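Visitor: Contents of coords.cif (mmCIF, C-alpha atoms):
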```cif
data_start
loop_
_atom_site.label_atom_id
_atom_site.label_comp_id
_atom_site.auth_asym_id
_atom_site.auth_seq_id
_atom_site.Cartn_x
_atom_site.Cartn_y
_atom_site.Cartn_z
CA MET A 1 -46.15 32.38 -6.33
CA ILE A 2 -43.76 31.33 -3.60
CA LYS A 3 -40.23 32.62 -3.63
CA ILE A 4 -37.56 31.07 -1.44
CA SER A 5 -34.10 32.55 -1.04
CA ILE A 6 -31.35 30.33 0.22
CA ASP A 7 -28.30 31.76 1.89
CA THR A 8 -25.42 29.77 0.40
CA GLY A 9 -22.71 31.83 2.06
CA ARG A 10 -21.54 29.05 4.36
CA VAL A 11 -21.59 26.49 1.54
CA GLN A 12 -19.69 28.82 -0.78
CA GLU A 13 -17.18 29.53 1.97
CA ALA A 14 -16.71 25.80 2.61
CA LEU A 15 -16.30 25.10 -1.10
CA SER A 16 -13.70 27.85 -1.33
CA ARG A 17 -11.76 26.26 1.54
CA VAL A 18 -11.99 22.85 -0.12
CA GLU A 19 -10.78 24.34 -3.39
CA HIS A 20 -7.86 25.96 -1.59
CA ALA A 21 -7.01 22.79 0.34
CA THR A 22 -7.05 20.63 -2.74
CA GLY A 23 -4.52 22.99 -4.28
CA ASP A 24 -2.05 21.71 -1.66
CA LEU A 25 -2.51 17.99 -1.31
CA ARG A 26 0.83 17.39 0.43
CA PRO A 27 -0.61 17.09 3.96
CA ALA A 28 -3.03 14.40 2.77
CA LEU A 29 -0.40 12.74 0.57
CA ASN A 30 2.12 12.61 3.43
CA ALA A 31 -0.54 11.00 5.63
CA ILE A 32 -1.36 8.52 2.85
CA ALA A 33 2.33 7.62 2.46
CA ALA A 34 2.63 6.98 6.21
CA GLU A 35 -0.55 4.88 6.14
CA LEU A 36 0.69 2.76 3.23
CA VAL A 37 3.90 2.03 5.13
CA SER A 38 1.82 1.10 8.18
CA GLN A 39 -0.34 -1.21 6.05
CA THR A 40 2.82 -2.77 4.59
CA GLU A 41 4.17 -3.43 8.09
CA ALA A 42 0.84 -5.06 9.00
CA ASN A 43 1.16 -7.30 5.92
CA PHE A 44 4.61 -8.45 7.02
CA ALA A 45 3.44 -9.01 10.60
CA ALA A 46 0.41 -11.07 9.50
CA GLN A 47 2.37 -12.77 6.70
CA GLY A 48 -0.11 -11.47 4.22
CA ARG A 49 -3.68 -10.20 4.22
CA PRO A 50 -4.98 -12.52 2.90
CA ARG A 51 -2.37 -14.92 4.25
CA TRP A 52 0.44 -15.81 1.87
CA ASP A 53 0.91 -19.32 0.53
CA ASP A 54 3.21 -21.50 2.61
CA LEU A 55 6.80 -21.99 1.53
CA LYS A 56 7.60 -25.07 -0.50
CA PRO A 57 9.13 -27.99 1.45
CA ALA A 58 12.46 -27.55 -0.40
CA THR A 59 12.64 -23.89 0.67
CA ILE A 60 11.83 -24.80 4.28
CA ALA A 61 14.57 -27.46 4.24
CA GLN A 62 17.05 -24.94 2.82
CA ARG A 63 16.17 -22.43 5.52
CA GLN A 64 16.45 -25.04 8.26
CA LYS A 65 20.02 -25.76 7.12
CA ARG A 66 20.83 -22.03 7.31
CA GLY A 67 19.13 -21.67 10.69
CA THR A 68 16.47 -19.25 9.45
CA TRP A 69 13.50 -21.57 9.92
CA PRO A 70 11.07 -21.48 11.55
CA GLY A 71 10.66 -17.83 10.78
CA LYS A 72 8.62 -15.31 8.85
CA ILE A 73 8.24 -16.00 5.14
CA LEU A 74 9.65 -12.76 3.67
CA GLN A 75 11.74 -11.66 6.66
CA VAL A 76 14.94 -13.66 6.59
CA SER A 77 17.39 -10.84 7.37
CA ALA A 78 17.21 -7.59 9.32
CA GLY A 79 18.25 -5.59 6.25
CA GLY A 80 15.94 -7.40 3.89
CA LEU A 81 12.69 -6.69 2.14
CA ALA A 82 10.71 -5.34 5.10
CA ALA A 83 13.46 -2.86 5.97
CA SER A 84 13.74 -1.69 2.36
CA VAL A 85 10.24 -0.24 2.03
CA SER A 86 10.32 3.48 1.31
CA THR A 87 8.02 6.23 0.11
CA GLU A 88 8.22 9.28 -2.10
CA VAL A 89 5.65 12.07 -2.01
CA GLY A 90 5.23 14.66 -4.74
CA ALA A 91 2.72 17.43 -5.31
CA THR A 92 0.19 15.00 -6.78
CA PHE A 93 1.45 11.47 -6.06
CA VAL A 94 2.63 8.94 -3.50
CA ARG A 95 5.05 6.14 -4.30
CA VAL A 96 5.69 3.22 -2.01
CA GLY A 97 8.03 0.41 -2.86
CA SER A 98 11.30 -1.40 -2.34
CA ASP A 99 14.64 -1.07 -4.07
CA LYS A 100 15.35 -4.77 -3.59
CA LYS A 101 15.69 -6.58 -6.92
CA TYR A 102 13.62 -9.48 -5.62
CA GLY A 103 10.79 -7.26 -4.33
CA ALA A 104 8.71 -7.40 -7.51
CA ILE A 105 8.81 -11.19 -7.81
CA HIS A 106 7.53 -11.54 -4.26
CA GLN A 107 4.87 -8.86 -4.71
CA LEU A 108 3.55 -10.15 -8.04
CA GLY A 109 4.76 -13.74 -8.20
CA GLY A 110 6.24 -15.38 -11.27
CA ASP A 111 9.01 -17.59 -12.55
CA ALA A 112 12.52 -17.00 -11.25
CA GLY A 113 15.93 -18.61 -10.88
CA ARG A 114 18.21 -20.08 -13.49
CA GLY A 115 16.17 -20.77 -16.57
CA ARG A 116 13.10 -19.45 -14.76
CA LYS A 117 12.41 -22.96 -13.46
CA VAL A 118 11.17 -21.94 -10.02
CA HIS A 119 7.66 -20.56 -9.63
CA ILE A 120 7.28 -18.10 -6.78
CA ALA A 121 3.74 -17.54 -5.52
CA PRO A 122 2.69 -13.91 -5.18
CA ARG A 123 3.07 -12.65 -1.64
CA PRO A 124 1.92 -9.05 -1.82
CA PHE A 125 3.70 -7.26 0.99
CA LEU A 126 2.80 -3.81 -0.33
CA PRO A 127 -0.87 -3.01 0.33
CA PHE A 128 -2.03 -3.40 -3.25
CA THR A 129 -2.35 -5.99 -5.93
CA GLY A 130 -1.19 -5.40 -9.45
CA GLU A 131 -1.11 -6.85 -12.89
CA PRO A 132 2.35 -6.17 -14.34
CA ASP A 133 1.10 -6.22 -17.93
CA SER A 134 -1.75 -3.77 -17.36
CA GLY A 135 0.07 -1.42 -14.98
CA ARG A 136 -3.10 -1.28 -12.91
CA GLY A 137 -3.53 -2.24 -9.32
CA LYS A 138 -6.03 -2.21 -6.52
CA LEU A 139 -5.53 -1.28 -2.90
CA GLN A 140 -6.16 -3.93 -0.28
CA PRO A 141 -9.53 -3.33 1.43
CA GLU A 142 -7.86 -2.25 4.71
CA ALA A 143 -5.60 0.19 2.88
CA GLU A 144 -8.39 1.54 0.68
CA GLU A 145 -10.58 2.28 3.69
CA ALA A 146 -7.73 4.00 5.54
CA VAL A 147 -6.77 6.13 2.50
CA LEU A 148 -10.37 7.17 1.91
CA ASP A 149 -10.63 8.19 5.57
CA ILE A 150 -7.52 10.36 5.17
CA VAL A 151 -8.95 12.03 2.05
CA LEU A 152 -12.30 12.66 3.74
CA ASP A 153 -10.60 14.09 6.83
CA HIS A 154 -8.54 16.38 4.60
CA LEU A 155 -11.68 17.62 2.83
CA LYS A 156 -13.57 18.06 6.13
CA ARG A 157 -10.73 20.14 7.57
CA ALA A 158 -10.64 22.19 4.40
CA ALA A 159 -14.40 22.72 4.54
CA GLY A 160 -14.24 23.59 8.22
CA VAL A 161 -16.59 20.82 9.33
#
```
Starting from the file, lay out its structure as structure tokens.
Guide:
Amino acid sequence: MIKISIDTGRVQEALSRVEHATGDLRPALNAIAAELVSQTEANFAAQGRPRWDDLKPATIAQRQKRGTWPGKILQVSAGGLAASVSTEVGATFVRVGSDKKYGAIHQLGGDAGRGRKVHIAPRPFLPFTGEPDSGRGKLQPEAEEAVLDIVLDHLKRAAGV
């Protein structure tokens, strides 16, 4: 009969640190909030990832009259949508969004205007997609990878590795 004893002290110690660290997720959540804002800024800079649909000719003509074309699709004014993005971090959550009334229609797309006669293509500026009816969304690949890296770094620090 062969008997093998395994010293699990280091593993147990690491697991204890992970358990303790996961009790306070705020450092990771704050980093995730900052990353989501960074990903949002990258979306505005690239005009979508994947690239947003072009504006309709009528919208381009309207903007040319106002002197705001050529320009970025969702960045007409300095105090507009891009400047309105904010975050909230709680003990177990991160929220990122905009308080602009027109933010949701640009993020998700849909019918707008008088009588809902104008269809606006979705131009997700926040780094996730969503289905308004289901309440579920999915992070963009770039954002998902960055958030997973933050979580793994948090766990590695907690485990001392």
Visitor: Per residue of stretch 19-54 of chain A within 7 Å of stretch 103-124 of chain A, which atom pair is closest and at what distance in Å (one decimal), using all atoms listed in the file, listed by chain and increasing number, as CSV?
Guide:
```
residue,atom,partner,partner_atom,distance
A:Gly48,CA,A:Arg123,CA,6.8
A:Trp52,CA,A:Arg123,CA,5.4
A:Asp53,CA,A:Ala121,CA,6.9
```
Visitor: Could you tell me which of A:Glu41, A:Ser84, A:Ala28, A:Gly23 comes closest to A:Asp149 if we count only C-alpha atoms?
Guide: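 Using only C-alpha atoms, A:Asp149 sits closest to A:Ala28.
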Visitor: Counting only C-alpha atoms, what is within 7 Å of A:Pro127, bar same-chain residues fewer than 6 positions away, as a list in words?
Guide: Leu36, Gln39, Thr40, Leu139, Gln140 and Ala143 of chain A
Visitor: Could you please determine the separation between atom CA of A:Leu155 and atom CA of A:Asn43 in Å, to one decimal place?
Guide: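 Between atom CA of A:Leu155 and atom CA of A:Asn43 the gap is 28.2 Å.
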Visitor: May I ask for the distance between atom CA of A:Phe125 and atom CA of A:Ala34, given in Å to one decimal place?
Guide: 15.2 Å
Visitor: Expand the PyMOL selection byres ((chain A and resi 32) around 9) into the individual residues it matches in the shown file, reporting them as a ChimeraX atom specification.
Guide: /A:27-31,33-37,94,146-147,150-151
Visitor: With all atoms listed in the file as the basis for distance, which of A:Ser16, A:Thr59, A:Ser38, A:Gln47 is at the shortest distance from A:Leu74?
Guide: A:Gln47
Visitor: Using all atoms listed in the file, pick whichever of A:Ala159, A:Leu25, A:Leu55, A:Ile60 has the shortest atom-to-atom distance to A:Val89.
Guide: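 Closest to A:Val89 of all the choices is A:Leu25.
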Visitor: Report, in Å with one decimal, the straight-line distance from atom CA of A:Tyr102 to atom CA of A:Lys56.
Guide: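 Pair atom CA of A:Tyr102 / atom CA of A:Lys56 returns 17.5 Å.
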Visitor: Apply the PyMOL selection byres ((chain A and resi 97) around 6) to the file shown and report the selected residues as a PyMOL selection string.
Guide: chain A and resi 85-86+96+98
Visitor: Between A:Lys156, A:Arg26, A:Arg49, A:Lys72, which is the closest to A:Phe128 once you count all atoms listed in the file?
Guide: A:Arg49
Visitor: Find, counting only C-alpha atoms, the residue in A:Gly137, A:Gly90, A:Asp99, A:Asp54 that gets nearest to A:Gly71.
Guide: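 The shortest atom-to-atom distance to A:Gly71 comes from A:Asp54.
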Visitor: Under the rule that all atoms listed in the file are counted, which of A:Glu142, A:Gln64, A:Thr22, A:Ala83 is the nearest residue to A:Pro50?
Guide: A:Glu142
